[in-house]
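With mmCIF, C-alpha atoms inside, this is run-v5.cif:
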```cif
data_start
#
loop_
_atom_site.label_atom_id
_atom_site.label_comp_id
_atom_site.auth_asym_id
_atom_site.auth_seq_id
_atom_site.Cartn_x
_atom_site.Cartn_y
_atom_site.Cartn_z
CA MET A 121 -3.26 -43.36 9.68
CA THR A 122 -5.65 -41.22 11.72
CA THR A 123 -4.68 -37.58 12.16
CA LEU A 124 -6.08 -34.90 14.45
CA LEU A 125 -5.50 -31.31 13.36
CA ARG A 126 -5.92 -28.58 15.93
CA GLY A 127 -6.48 -24.93 15.08
CA ARG A 128 -9.12 -22.33 14.34
CA LEU A 129 -11.61 -23.83 11.89
CA LEU A 130 -13.68 -21.92 9.33
CA SER A 131 -16.13 -23.48 6.86
CA PHE A 132 -19.11 -22.02 5.00
CA ARG A 133 -22.66 -23.39 5.01
CA ARG A 134 -23.98 -21.06 2.29
CA ALA A 135 -23.31 -17.71 0.64
CA PRO A 136 -23.07 -14.90 3.24
CA GLN A 137 -25.75 -12.23 2.94
CA SER A 138 -23.75 -9.59 4.83
CA LEU A 139 -20.63 -9.04 6.89
CA THR A 140 -22.61 -9.91 10.03
CA ASP A 141 -24.20 -13.09 8.64
CA THR A 142 -22.66 -15.49 11.16
CA ASP A 143 -25.20 -18.20 10.30
CA SER A 144 -23.55 -18.61 6.90
CA PHE A 145 -20.42 -20.23 8.34
CA THR A 146 -19.09 -22.44 11.12
CA TYR A 147 -16.18 -21.18 13.19
CA GLU A 148 -14.35 -22.96 16.00
CA SER A 149 -11.82 -20.86 17.94
CA ASP A 150 -10.14 -24.05 19.23
CA GLY A 151 -11.24 -26.72 16.82
CA GLY A 152 -10.39 -30.30 16.10
CA LEU A 153 -10.46 -31.99 12.71
CA LEU A 154 -10.17 -35.79 12.70
CA ILE A 155 -8.94 -37.22 9.39
CA GLU A 156 -9.19 -40.89 8.43
CA ASN A 157 -8.34 -42.41 5.05
CA GLY A 158 -8.10 -39.03 3.35
CA ALA A 159 -11.51 -37.81 4.54
CA ILE A 160 -12.81 -35.70 7.41
CA ALA A 161 -14.27 -38.05 10.03
CA LYS A 162 -15.18 -35.55 12.77
CA ILE A 163 -15.16 -31.80 13.31
CA GLY A 164 -15.93 -29.77 16.41
CA PRO A 165 -14.38 -28.28 19.52
CA TYR A 166 -10.92 -29.75 20.00
CA ALA A 167 -11.70 -31.28 23.40
CA ASP A 168 -14.77 -33.11 22.06
CA VAL A 169 -13.02 -34.45 18.95
CA LYS A 170 -9.94 -35.44 20.95
CA ALA A 171 -12.06 -37.39 23.44
CA LYS A 172 -13.48 -39.55 20.64
CA ALA A 173 -10.22 -40.00 18.73
CA PRO A 174 -8.27 -43.30 18.73
CA ALA A 175 -5.54 -43.60 21.36
CA ASP A 176 -2.83 -43.73 18.69
CA VAL A 177 -4.04 -40.68 16.76
CA VAL A 178 -1.28 -38.44 15.36
CA GLU A 179 -1.85 -34.84 16.45
CA VAL A 180 -0.73 -31.74 14.55
CA ASP A 181 -1.18 -28.44 16.36
CA HIS A 182 -1.64 -25.55 13.93
CA ARG A 183 -2.64 -22.96 16.51
CA PRO A 184 -2.99 -19.99 16.21
CA HIS A 185 -3.48 -20.47 12.47
CA LEU A 186 -6.73 -20.71 10.57
CA ILE A 187 -7.72 -24.01 8.90
CA MET A 188 -10.09 -23.83 5.94
CA PRO A 189 -11.09 -26.01 3.00
CA GLY A 190 -8.47 -25.93 0.25
CA PHE A 191 -8.94 -23.20 -2.34
CA ILE A 192 -10.60 -24.03 -5.67
CA ASP A 193 -9.53 -22.32 -8.92
CA MET A 194 -12.24 -22.48 -11.58
CA HIS A 195 -10.27 -21.51 -14.71
CA LEU A 196 -6.60 -21.54 -15.66
CA HIS A 197 -4.34 -22.72 -18.46
CA PHE A 198 -1.82 -25.44 -17.62
CA PRO A 199 0.39 -24.72 -20.71
CA GLN A 200 0.72 -21.01 -19.90
CA MET A 201 3.15 -21.09 -16.98
CA GLN A 202 5.81 -19.48 -19.18
CA VAL A 203 3.33 -17.06 -20.73
CA ILE A 204 2.48 -15.27 -17.47
CA ALA A 205 3.85 -11.69 -17.32
CA SER A 206 4.00 -11.25 -21.12
CA TYR A 207 3.52 -7.67 -22.31
CA ALA A 208 0.71 -7.17 -24.82
CA ALA A 209 -1.98 -4.65 -25.68
CA ASN A 210 -5.04 -6.90 -25.51
CA LEU A 211 -6.38 -10.45 -25.57
CA LEU A 212 -6.06 -11.29 -29.26
CA GLU A 213 -2.56 -9.79 -29.58
CA TRP A 214 -1.50 -11.66 -26.43
CA LEU A 215 -2.83 -14.97 -27.77
CA ASN A 216 -1.12 -14.67 -31.13
CA THR A 217 2.17 -13.25 -29.88
CA TYR A 218 2.84 -15.37 -26.80
CA THR A 219 0.23 -17.98 -25.98
CA PHE A 220 -0.18 -19.90 -29.20
CA PRO A 221 3.59 -20.24 -29.85
CA GLU A 222 4.13 -21.48 -26.28
CA GLU A 223 1.32 -24.02 -26.46
CA CYS A 224 2.87 -25.51 -29.60
CA ARG A 225 5.67 -26.84 -27.37
CA PHE A 226 3.26 -29.18 -25.58
CA VAL A 227 3.36 -31.66 -28.42
CA GLU A 228 6.55 -32.84 -26.68
CA SER A 229 5.73 -35.14 -23.78
CA ASP A 230 8.95 -34.32 -21.88
CA HIS A 231 8.09 -30.62 -21.89
CA ALA A 232 4.48 -31.28 -20.86
CA THR A 233 5.61 -33.53 -18.02
CA ARG A 234 8.15 -30.97 -16.76
CA ILE A 235 5.61 -28.15 -16.74
CA ALA A 236 3.00 -30.36 -15.05
CA THR A 237 5.35 -30.87 -12.11
CA HIS A 238 5.89 -27.13 -11.73
CA PHE A 239 2.17 -26.44 -12.23
CA TYR A 240 1.08 -28.64 -9.34
CA ASP A 241 3.89 -27.36 -7.14
CA GLU A 242 2.59 -23.81 -7.59
CA LEU A 243 -1.00 -24.77 -6.87
CA VAL A 244 0.01 -26.49 -3.64
CA ARG A 245 2.32 -23.64 -2.66
CA HIS A 246 -0.60 -21.21 -2.94
CA GLY A 247 -3.15 -23.39 -1.11
CA THR A 248 -5.12 -24.50 -4.18
CA THR A 249 -6.22 -28.13 -3.95
CA THR A 250 -8.62 -28.31 -6.91
CA ALA A 251 -8.37 -26.48 -10.24
CA VAL A 252 -10.18 -26.49 -13.58
CA ALA A 253 -7.57 -26.36 -16.31
CA TYR A 254 -7.24 -26.10 -20.05
CA CYS A 255 -4.52 -28.28 -21.51
CA SER A 256 -3.23 -27.66 -25.04
CA VAL A 257 -4.64 -29.18 -28.21
CA HIS A 258 -2.21 -32.10 -27.86
CA LYS A 259 -3.27 -35.27 -26.06
CA THR A 260 0.26 -35.38 -24.60
CA SER A 261 -0.57 -32.30 -22.53
CA ALA A 262 -3.75 -33.86 -21.11
CA ASP A 263 -1.87 -37.08 -20.32
CA ALA A 264 0.79 -35.11 -18.43
CA PHE A 265 -1.82 -33.06 -16.57
CA PHE A 266 -3.89 -36.02 -15.40
CA SER A 267 -0.93 -38.27 -14.72
CA GLU A 268 0.53 -35.76 -12.28
CA ALA A 269 -2.87 -35.20 -10.65
CA LEU A 270 -3.16 -38.96 -10.15
CA ARG A 271 0.34 -39.17 -8.69
CA ARG A 272 -0.50 -36.46 -6.14
CA ASN A 273 -4.05 -37.73 -5.52
CA MET A 274 -5.55 -34.31 -6.26
CA ARG A 275 -9.13 -33.71 -7.38
CA MET A 276 -8.66 -31.93 -10.69
CA VAL A 277 -10.78 -31.02 -13.70
CA GLY A 278 -9.18 -30.58 -17.13
CA GLY A 279 -9.51 -31.13 -20.82
CA LYS A 280 -7.69 -31.37 -24.12
CA VAL A 281 -8.47 -28.18 -26.00
CA MET A 282 -10.43 -28.51 -29.25
CA MET A 283 -9.42 -25.96 -31.92
CA ASP A 284 -9.35 -26.27 -35.70
CA ARG A 285 -8.97 -22.70 -37.04
CA ASN A 286 -7.51 -19.25 -36.38
CA ALA A 287 -4.35 -20.57 -34.73
CA PRO A 288 -0.88 -21.77 -35.85
CA GLN A 289 -0.76 -25.10 -37.69
CA GLY A 290 0.93 -26.73 -34.71
CA LEU A 291 -2.16 -26.01 -32.58
CA LEU A 292 -4.85 -27.25 -34.95
CA ASP A 293 -6.68 -30.53 -34.85
CA THR A 294 -9.76 -31.46 -36.91
CA PRO A 295 -13.36 -32.01 -35.84
CA GLN A 296 -12.88 -35.77 -36.01
CA MET A 297 -9.49 -35.72 -34.28
CA SER A 298 -10.80 -33.49 -31.50
CA TYR A 299 -13.72 -35.86 -30.96
CA ASP A 300 -11.57 -39.01 -31.04
CA GLU A 301 -8.80 -37.67 -28.81
CA THR A 302 -11.19 -36.16 -26.27
CA ARG A 303 -13.02 -39.46 -26.16
CA GLN A 304 -9.70 -41.23 -25.54
CA VAL A 305 -8.77 -38.78 -22.77
CA ILE A 306 -12.12 -39.56 -21.14
CA ALA A 307 -11.48 -43.30 -21.43
CA ASP A 308 -7.92 -42.97 -20.10
CA TRP A 309 -8.44 -40.53 -17.24
CA HIS A 310 -12.02 -39.70 -16.22
CA GLY A 311 -12.74 -41.23 -12.83
CA LYS A 312 -9.20 -42.52 -12.46
CA GLY A 313 -8.11 -41.40 -9.00
CA ARG A 314 -9.85 -38.07 -8.44
CA ASN A 315 -9.69 -36.90 -12.08
CA HIS A 316 -12.55 -35.27 -13.98
CA VAL A 317 -12.32 -34.70 -17.74
CA ALA A 318 -14.00 -31.61 -19.20
CA ILE A 319 -15.13 -31.18 -22.81
CA THR A 320 -13.04 -28.18 -23.89
CA PRO A 321 -13.68 -26.25 -27.13
CA ARG A 322 -11.30 -23.31 -26.54
CA PHE A 323 -13.75 -20.71 -27.80
CA ALA A 324 -15.93 -20.15 -30.83
CA ILE A 325 -13.22 -18.22 -32.69
CA THR A 326 -10.94 -21.28 -32.82
CA SER A 327 -13.65 -23.86 -33.59
CA THR A 328 -15.50 -24.32 -36.87
CA PRO A 329 -19.19 -25.21 -36.81
CA GLU A 330 -18.13 -28.78 -37.62
CA GLN A 331 -15.95 -28.91 -34.51
CA MET A 332 -18.71 -27.41 -32.40
CA GLU A 333 -20.88 -30.27 -33.64
CA ALA A 334 -18.18 -32.67 -32.43
CA ALA A 335 -18.26 -30.99 -29.00
CA ALA A 336 -22.04 -31.27 -29.01
CA ALA A 337 -21.79 -35.00 -29.78
CA LEU A 338 -19.43 -35.47 -26.83
CA ALA A 339 -21.80 -33.53 -24.56
CA ARG A 340 -24.66 -35.82 -25.58
CA GLU A 341 -22.59 -38.95 -25.03
CA PHE A 342 -21.17 -37.82 -21.70
CA PRO A 343 -23.87 -35.63 -20.11
CA ASP A 344 -22.25 -35.73 -16.65
CA LEU A 345 -18.99 -34.15 -17.80
CA HIS A 346 -18.15 -30.51 -17.32
CA ILE A 347 -17.91 -28.30 -20.40
CA GLN A 348 -15.49 -25.36 -20.37
CA THR A 349 -14.88 -22.56 -22.84
CA HIS A 350 -14.55 -18.77 -23.06
CA LEU A 351 -17.25 -16.14 -23.49
CA SER A 352 -17.44 -12.36 -23.97
CA GLU A 353 -14.02 -11.48 -22.61
CA ASN A 354 -13.15 -8.65 -25.00
CA TYR A 355 -15.10 -6.43 -27.41
CA ASP A 356 -12.93 -7.31 -30.43
CA GLU A 357 -13.38 -11.01 -29.63
CA ILE A 358 -17.16 -10.59 -29.44
CA LYS A 359 -17.25 -8.77 -32.80
CA PHE A 360 -15.06 -11.38 -34.54
CA THR A 361 -17.11 -14.23 -33.08
CA GLY A 362 -20.32 -12.67 -34.38
CA GLU A 363 -18.82 -12.46 -37.87
CA LEU A 364 -17.90 -16.16 -37.75
CA TYR A 365 -21.39 -17.22 -36.60
CA PRO A 366 -23.75 -14.69 -38.25
CA GLU A 367 -26.77 -16.94 -37.73
CA ALA A 368 -26.48 -16.72 -33.93
CA ILE A 369 -28.39 -14.12 -31.90
CA ASP A 370 -25.28 -13.36 -29.85
CA TYR A 371 -22.12 -15.01 -28.49
CA THR A 372 -23.94 -17.06 -25.83
CA ASP A 373 -26.43 -18.28 -28.40
CA ILE A 374 -23.60 -19.94 -30.34
CA TYR A 375 -22.92 -22.32 -27.46
CA ALA A 376 -26.64 -22.84 -26.83
CA ARG A 377 -27.20 -23.87 -30.45
CA TYR A 378 -24.68 -26.70 -29.99
CA GLY A 379 -26.09 -27.93 -26.68
CA LEU A 380 -23.15 -26.54 -24.69
CA LEU A 381 -25.14 -24.26 -22.38
CA GLY A 382 -26.08 -26.16 -19.23
CA ARG A 383 -25.62 -26.54 -15.50
CA LYS A 384 -22.09 -27.96 -15.83
CA SER A 385 -20.98 -25.39 -18.42
CA LEU A 386 -18.16 -23.14 -17.24
CA PHE A 387 -17.73 -19.89 -19.19
CA GLY A 388 -14.47 -18.06 -18.56
CA HIS A 389 -14.83 -14.27 -18.19
CA ALA A 390 -18.39 -13.51 -19.41
CA ILE A 391 -17.76 -9.82 -18.73
CA HIS A 392 -19.85 -8.18 -21.43
CA LEU A 393 -23.13 -10.11 -21.37
CA SER A 394 -26.35 -8.60 -22.69
CA GLU A 395 -29.50 -8.93 -20.61
CA ARG A 396 -30.69 -11.67 -22.96
CA GLU A 397 -27.43 -13.58 -22.52
CA ALA A 398 -27.53 -13.25 -18.73
CA ASP A 399 -31.11 -14.55 -18.77
CA ALA A 400 -30.10 -17.48 -20.95
CA MET A 401 -27.20 -18.35 -18.66
CA SER A 402 -29.40 -18.08 -15.59
CA GLU A 403 -32.13 -20.27 -17.06
CA ALA A 404 -29.58 -22.91 -18.05
CA GLY A 405 -27.79 -22.76 -14.68
CA ALA A 406 -24.47 -22.11 -16.44
CA ILE A 407 -21.48 -20.60 -14.62
CA ALA A 408 -19.82 -17.26 -15.36
CA VAL A 409 -16.22 -17.59 -14.15
CA HIS A 410 -14.72 -14.30 -12.96
CA CYS A 411 -10.98 -13.94 -13.64
CA PRO A 412 -10.11 -10.55 -12.12
CA THR A 413 -6.32 -10.39 -12.44
CA SER A 414 -6.52 -11.47 -16.08
CA ASN A 415 -9.31 -9.02 -16.89
CA LEU A 416 -7.26 -6.15 -15.47
CA PHE A 417 -3.95 -7.30 -16.97
CA LEU A 418 -5.36 -7.58 -20.50
CA GLY A 419 -7.66 -4.57 -20.13
CA SER A 420 -10.69 -6.69 -20.93
CA GLY A 421 -13.21 -4.99 -18.63
CA LEU A 422 -14.80 -4.98 -15.18
CA PHE A 423 -16.88 -8.05 -14.36
CA PRO A 424 -20.25 -7.05 -12.83
CA LEU A 425 -20.25 -9.72 -10.12
CA LYS A 426 -22.74 -8.02 -7.82
CA ALA A 427 -25.07 -6.98 -10.62
CA LEU A 428 -25.20 -10.52 -12.02
CA SER A 429 -25.76 -11.98 -8.54
CA ARG A 430 -28.74 -9.81 -7.61
CA ARG A 431 -30.63 -9.98 -10.92
CA GLU A 432 -34.21 -11.27 -10.89
CA LYS A 433 -32.65 -14.16 -12.79
CA PRO A 434 -29.25 -14.40 -11.05
CA VAL A 435 -26.25 -15.87 -12.83
CA ARG A 436 -24.18 -18.48 -11.00
CA ILE A 437 -20.59 -17.30 -10.50
CA GLY A 438 -17.19 -18.87 -9.91
CA VAL A 439 -13.80 -17.21 -9.42
CA ALA A 440 -10.42 -18.07 -10.91
CA THR A 441 -6.81 -17.01 -11.52
CA ASP A 442 -6.77 -17.57 -15.31
CA ILE A 443 -3.02 -18.25 -15.42
CA GLY A 444 -1.30 -17.11 -17.64
CA GLY A 445 -3.47 -14.11 -18.62
CA GLY A 446 -3.89 -13.84 -14.87
CA SER A 447 -0.94 -12.50 -12.96
CA SER A 448 -0.92 -14.63 -9.80
CA TYR A 449 -1.42 -18.27 -8.82
CA SER A 450 -2.85 -17.10 -5.50
CA MET A 451 -6.59 -17.14 -4.90
CA LEU A 452 -5.94 -14.58 -2.15
CA ARG A 453 -4.42 -12.17 -4.68
CA THR A 454 -7.24 -13.01 -7.09
CA MET A 455 -9.94 -12.01 -4.62
CA ASP A 456 -8.02 -8.86 -3.71
CA GLU A 457 -8.37 -7.78 -7.35
CA ALA A 458 -12.00 -8.92 -7.43
CA TYR A 459 -12.65 -6.61 -4.47
CA LYS A 460 -11.02 -3.69 -6.30
CA ILE A 461 -13.07 -4.29 -9.45
CA GLN A 462 -16.29 -4.12 -7.45
CA GLN A 463 -15.04 -0.90 -5.82
CA LEU A 464 -14.56 0.61 -9.28
CA LEU A 465 -18.14 -0.40 -10.12
CA GLY A 466 -19.46 1.26 -6.96
CA GLU A 467 -20.13 -2.09 -5.28
CA ARG A 468 -18.82 -3.86 -2.15
CA LEU A 469 -17.44 -7.40 -1.93
CA ASN A 470 -17.00 -8.28 1.72
CA PRO A 471 -14.32 -10.75 2.89
CA LEU A 472 -16.81 -13.42 3.96
CA GLU A 473 -18.09 -13.50 0.38
CA SER A 474 -14.54 -13.77 -0.98
CA TYR A 475 -13.73 -16.86 1.09
CA TYR A 476 -17.10 -18.39 0.33
CA TYR A 477 -16.35 -18.08 -3.39
CA MET A 478 -12.86 -19.60 -3.02
CA THR A 479 -14.23 -22.65 -1.18
CA LEU A 480 -17.88 -23.70 -1.05
CA GLY A 481 -19.00 -21.30 -3.79
CA ASN A 482 -16.62 -22.76 -6.35
CA ALA A 483 -17.40 -26.30 -5.16
CA GLU A 484 -21.10 -25.61 -5.74
CA ALA A 485 -20.32 -24.17 -9.17
CA LEU A 486 -18.61 -27.48 -10.01
CA SER A 487 -21.44 -29.55 -8.47
CA LEU A 488 -18.79 -31.07 -6.18
CA GLU A 489 -19.90 -29.62 -2.83
CA ASP A 490 -20.51 -33.13 -1.49
CA LYS A 491 -16.78 -33.83 -1.90
CA ILE A 492 -14.82 -30.58 -1.51
CA GLY A 493 -15.23 -26.98 -0.40
CA THR A 494 -16.21 -27.48 3.27
CA LEU A 495 -14.91 -29.06 6.47
CA ASP A 496 -18.03 -31.21 6.80
CA ALA A 497 -17.62 -34.76 8.08
CA GLY A 498 -17.54 -37.16 5.14
CA THR A 499 -15.91 -34.74 2.71
CA GLU A 500 -12.38 -35.07 1.39
CA ALA A 501 -9.62 -33.64 3.59
CA ASP A 502 -8.29 -31.03 1.16
CA LEU A 503 -7.31 -28.17 3.45
CA VAL A 504 -5.30 -24.99 3.72
CA VAL A 505 -3.68 -23.60 6.85
CA LEU A 506 -3.39 -19.79 6.85
CA SER A 507 -1.27 -17.34 8.82
CA ALA A 508 -2.30 -13.69 8.83
CA ALA A 509 1.06 -12.79 10.38
CA ALA A 510 3.15 -14.38 7.63
CA THR A 511 5.24 -11.28 6.90
CA PRO A 512 6.49 -8.49 9.17
CA ALA A 513 4.01 -6.04 7.68
CA MET A 514 1.13 -8.47 8.14
CA ALA A 515 2.18 -9.25 11.72
CA LEU A 516 2.21 -5.52 12.50
CA LYS A 517 -1.30 -5.10 11.10
CA MET A 518 -2.50 -8.17 13.05
CA GLU A 519 -1.71 -6.34 16.29
CA VAL A 520 -4.83 -4.21 15.73
CA VAL A 521 -7.08 -6.81 14.07
CA LYS A 522 -10.05 -7.58 16.32
CA THR A 523 -12.49 -9.70 14.27
CA LEU A 524 -12.49 -12.69 11.96
CA PRO A 525 -13.63 -10.65 8.91
CA GLU A 526 -10.79 -8.19 9.57
CA GLU A 527 -8.30 -11.07 9.64
CA LEU A 528 -9.72 -12.53 6.43
CA PHE A 529 -9.51 -9.16 4.71
CA LEU A 530 -5.90 -8.74 5.81
CA LEU A 531 -5.05 -12.18 4.37
CA GLN A 532 -6.82 -11.28 1.13
CA THR A 533 -5.20 -7.86 0.83
CA MET A 534 -1.61 -8.64 1.86
CA GLY A 535 -1.36 -12.43 1.69
CA ASP A 536 0.24 -14.66 -0.93
CA ASP A 537 1.99 -18.03 -0.89
CA ARG A 538 3.88 -16.98 2.27
CA ALA A 539 0.56 -16.94 4.15
CA ILE A 540 0.01 -20.63 3.31
CA VAL A 541 1.48 -22.50 6.28
CA GLU A 542 0.45 -25.89 4.90
CA THR A 543 -1.71 -27.42 2.19
CA TYR A 544 -3.28 -30.81 2.83
CA VAL A 545 -4.33 -33.05 -0.05
CA ALA A 546 -6.58 -35.95 0.97
CA GLY A 547 -5.35 -35.53 4.53
CA LYS A 548 -1.63 -35.50 3.77
CA PRO A 549 0.64 -32.43 4.02
CA ALA A 550 1.64 -31.44 0.48
CA LYS A 551 3.43 -28.10 0.79
CA THR A 552 6.04 -29.34 3.26
CA GLY A 553 8.98 -30.59 1.24
CA LEU A 554 8.45 -28.39 -1.80
CA VAL A 555 11.54 -26.40 -2.76
CA ASN A 556 11.18 -22.89 -1.27
CA SER A 557 7.90 -23.96 0.29
#
```
Show me, as structure tokens, the structure contained in the file I just sent.
Amino acid sequence: MTTLLRGRLLSFRRAPQSLTDTDSFTYESDGGLLIENGAIAKIGPYADVKAKAPADVVEVDHRPHLIMPGFIDMHLHFPQMQVIASYAANLLEWLNTYTFPEECRFVESDHATRIATHFYDELVRHGTTTAVAYCSVHKTSADAFFSEALRRNMRMVGGKVMMDRNAPQGLLDTPQMSYDETRQVIADWHGKGRNHVAITPRFAITSTPEQMEAAAALAREFPDLHIQTHLSENYDEIKFTGELYPEAIDYTDIYARYGLLGRKSLFGHAIHLSEREADAMSEAGAIAVHCPTSNLFLGSGLFPLKALSRREKPVRIGVATDIGGGSSYSMLRTMDEAYKIQQLLGERLNPLESYYYMTLGNAEALSLEDKIGTLDAGTEADLVVLSAAATPAMALKMEVVKTLPEELFLLQTMGDDRAIVETYVAGKPAKTGLVNS
């Protein structure tokens, strides 16, 4: 089926340099988006695209709403849906008190399957069409995660967590088991549908040197796969990690020593990097993934997004919800908190930058910008339709909004799942039909 969507279209070409950098994006006030076989076939003014569309094209008029590429979430934990909103003093207490006991339940395939259904429902409800997720240590969790992604035809990245120490017995594998099961997950799921498997040592605290060697072996065997882990989220974590790996220069050096620091390496948090570590990440092309709601919720620190971006050796950055340390599934809420963190650091994050990060920026961080993150012809039709008048309070504010950046900032500041009119996955509406959509 060929579909023609009509509405206001916004897509980024590159990172905006300022609030007035109109060359960084494409905007059509009355745009047309022609979708064929799950991909964008044409984009432009509605009248032009309509004139070239087949006679039997199905039209959907989303005016006056804004159509953008679907949001991309660079870091979250699939098994932590029932961990979100758990009271704890800090990261390590939160992990031991709530997270690890909950993840033990994912040995049961029925539980993993049930949570996977809810997980994808929430992503779609909030306009997220691609996410990078940690499963639990159990292969059953990865099977449930990828099976549901395949059923919904969503482009997802995920991995079975590798962890063999400093966790409950029900969450421990061994170096050999983690290697074998990750290899089997790759064989079962990578490239099936739109699935991408990531090599996933949870973090250095929960992996012995022997398991890190197993992760290194996987990285050598599968050099095109993403690698995801955690880095420098919390001062106590950094201190403990240094005690476990006394031979390393610093936390980042641990991953570098095992060949896990590269262009497709995704490091959750990376708040407290030294200059040497930031240089090492920059030189390797690795990604620091900013998780603002989680960092604030757990009191981990203020991520220096602007400072890392403008260094002589800039660090590549992605943004993410980090469910369930994070407190919202919404990328809009996430970037609202990211804005506030920069304010506290005496910096400014303008709304054009926020939406760049949620779309093209995160796609570039995943090396998937040829497939997702824009409205370019030939890319996959993963889209979000946004209403800046979704609630009475937002509608009242919209009466005085005059510019596109003002509208984007309103959506970011006051928007949530109610602002998501529709989410399209590979050209098909996915939010319509969800319970309480």
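By only C-alpha atoms, and with residues fewer than 5 positions from Ser256 (chain A) along its chain excluded, the set lying at most 10 Å from it is His197, Phe198, Pro199, Gln200, Phe220, Glu222, Glu223, Cys224, Arg225, Phe226, Val227, Ala232, Ser261, Ala262, Gly279, Lys280, Val281, Met282, Met283, Leu291, Thr320 and Arg322 of chain A.
Going from CA of Tyr378 (chain A) to CA of Thr441 (chain A) covers 27.5 Å.
The shell of residues at most 6 Å from region 295-309 of chain A, with only C-alpha atoms counted and near chain neighbours (fewer than 6 positions) removed, consists of Met282, Val317, Gln331 and Ala334 of chain A.
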Dump as a tab-separated table (two decimals), in the coordinates of the input, selection limited to C-alpha atoms:
```tsv
chain	number	residue	atom	x	y	z
A	282	MET	CA	-10.43	-28.51	-29.25
A	317	VAL	CA	-12.32	-34.70	-17.74
A	331	GLN	CA	-15.95	-28.91	-34.51
A	334	ALA	CA	-18.18	-32.67	-32.43
```
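Straight-line separation from CA of Ala510 (chain A) to CA of Gly535 (chain A): 7.7 Å.
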Notebook entry, point to check: How many Å separate CA of Gly127 (chain A) from CA of Phe191 (chain A)?
Noted result: 17.7 Å
Item checked: Shortest interatomic distance to Ser149 (chain A) - which of A:Arg431, A:Lys172, A:Ala253, A:Arg183, counting all atoms listed in the file -> A:Arg183
Next item on the list: Write out as a PyMOL selection string each polymer residue whose atoms come within 12 Å of Thr326 (chain A), counting all atoms listed in the file; drop sequence neighbours fewer than 2 positions from it.
Entry: chain A and resi 212+215-216+220+257+281-289+291-295+320-324+328-332+349-350+357+360-361+364-365
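If you measure from each of A:Lys491, A:Lys170, A:Lys517, A:His246 to Phe529 (chain A) using only C-alpha atoms, the closest one turns out to be A:Lys517.
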Note to self: Let me make sure I understand: among A:Thr217, A:Thr250, A:Thr454, A:Thr237, which one has the smallest atom-to-atom distance to Leu503 (chain A) if we use only C-alpha atoms?
What the structure shows: A:Thr250
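When all atoms listed in the file are used to compute distances to Gly290 (chain A), the closest of the residues A:His310, A:His258, A:His316, A:Lys384 turns out to be A:His258.
Shortest atom-to-atom contact with Phe387 (chain A) among A:Glu242, A:Asp490, A:Asp442, A:Asp168: A:Asp442, counting all atoms listed in the file.
Nearest to Leu186 (chain A) of all the residues A:Glu527, A:Glu457, A:Asp536, A:Glu403 is A:Glu527, counting only C-alpha atoms.
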Notebook entry, point to check: Can you list, as a list in words, every protein, DNA or RNA residue that comes within 9 Å of Thr372 (chain A) when you count only C-alpha atoms, leaving out same-chain residues fewer than 5 positions away?
Noted result: Leu351, Ser352, Arg377, Leu381, Leu393, Glu397, Ala398, Ala400 and Met401 of chain A
May I have the residues from that selection written out with C-alpha atoms, as an mmCIF file, keeping the file's coordinate frame?
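Just written: selection.cif:
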```
data_model
loop_
_atom_site.group_PDB
_atom_site.id
_atom_site.type_symbol
_atom_site.label_atom_id
_atom_site.label_comp_id
_atom_site.auth_asym_id
_atom_site.auth_seq_id
_atom_site.Cartn_x
_atom_site.Cartn_y
_atom_site.Cartn_z
ATOM 1 C CA LEU A 351 -17.250 -16.140 -23.490
ATOM 2 C CA SER A 352 -17.440 -12.360 -23.970
ATOM 3 C CA ARG A 377 -27.200 -23.870 -30.450
ATOM 4 C CA LEU A 381 -25.140 -24.260 -22.380
ATOM 5 C CA LEU A 393 -23.130 -10.110 -21.370
ATOM 6 C CA GLU A 397 -27.430 -13.580 -22.520
ATOM 7 C CA ALA A 398 -27.530 -13.250 -18.730
ATOM 8 C CA ALA A 400 -30.100 -17.480 -20.950
ATOM 9 C CA MET A 401 -27.200 -18.350 -18.660
#
```
Checklist line | Contacts of Arg468 (chain A) at 9 Å (all atoms listed in the file; same-chain gap of 6+ positions) as number ranges by chain | finding: A: 426, 459-460, 462
Notebook entry, point to check: Can you list what the PyMOL selection byres ((chain A and resi 415) around 12) grabs from this structure, as an MDAnalysis selection string?
Noted result: chainID A and resid 210:211 352:354 388:392 409:414 416:424 439:447 454 457:458 460:461
Axis-aligned box for region 310-323 of chain A, 8 Å per side, centre and edges in Å as lines of an AutoDock Vina configuration file:
```
center_x = -11.6
center_y = -31.6
center_z = -18.1
size_x = 23.0
size_y = 37.8
size_z = 35.4
```
Check: Which residues match the PyMOL selection byres ((chain A and resi 502) around 6) in the file above, as number ranges by chain?
Finding: A: 190, 500-501, 503, 544-546
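Running the PyMOL selection byres ((chain A and resi 438) around 9) on this file leaves Asp193, Met194, His195, Leu386, Ile407, Ala408, Val409, His410, Cys411, Arg436, Ile437, Val439, Ala440, Tyr477, Met478, Gly481, Asn482, Ala483, Glu484, Ala485 and Leu486 of chain A selected.
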Margin query: Please list, as a ChimeraX atom specification, the residues that have an atom at most 10 Å away from (-6.4, -40.1, 14.5) in the coordinates of this file, counting all atoms listed in the file.
Written below: /A:121-125,153-157,161,169-170,172-179
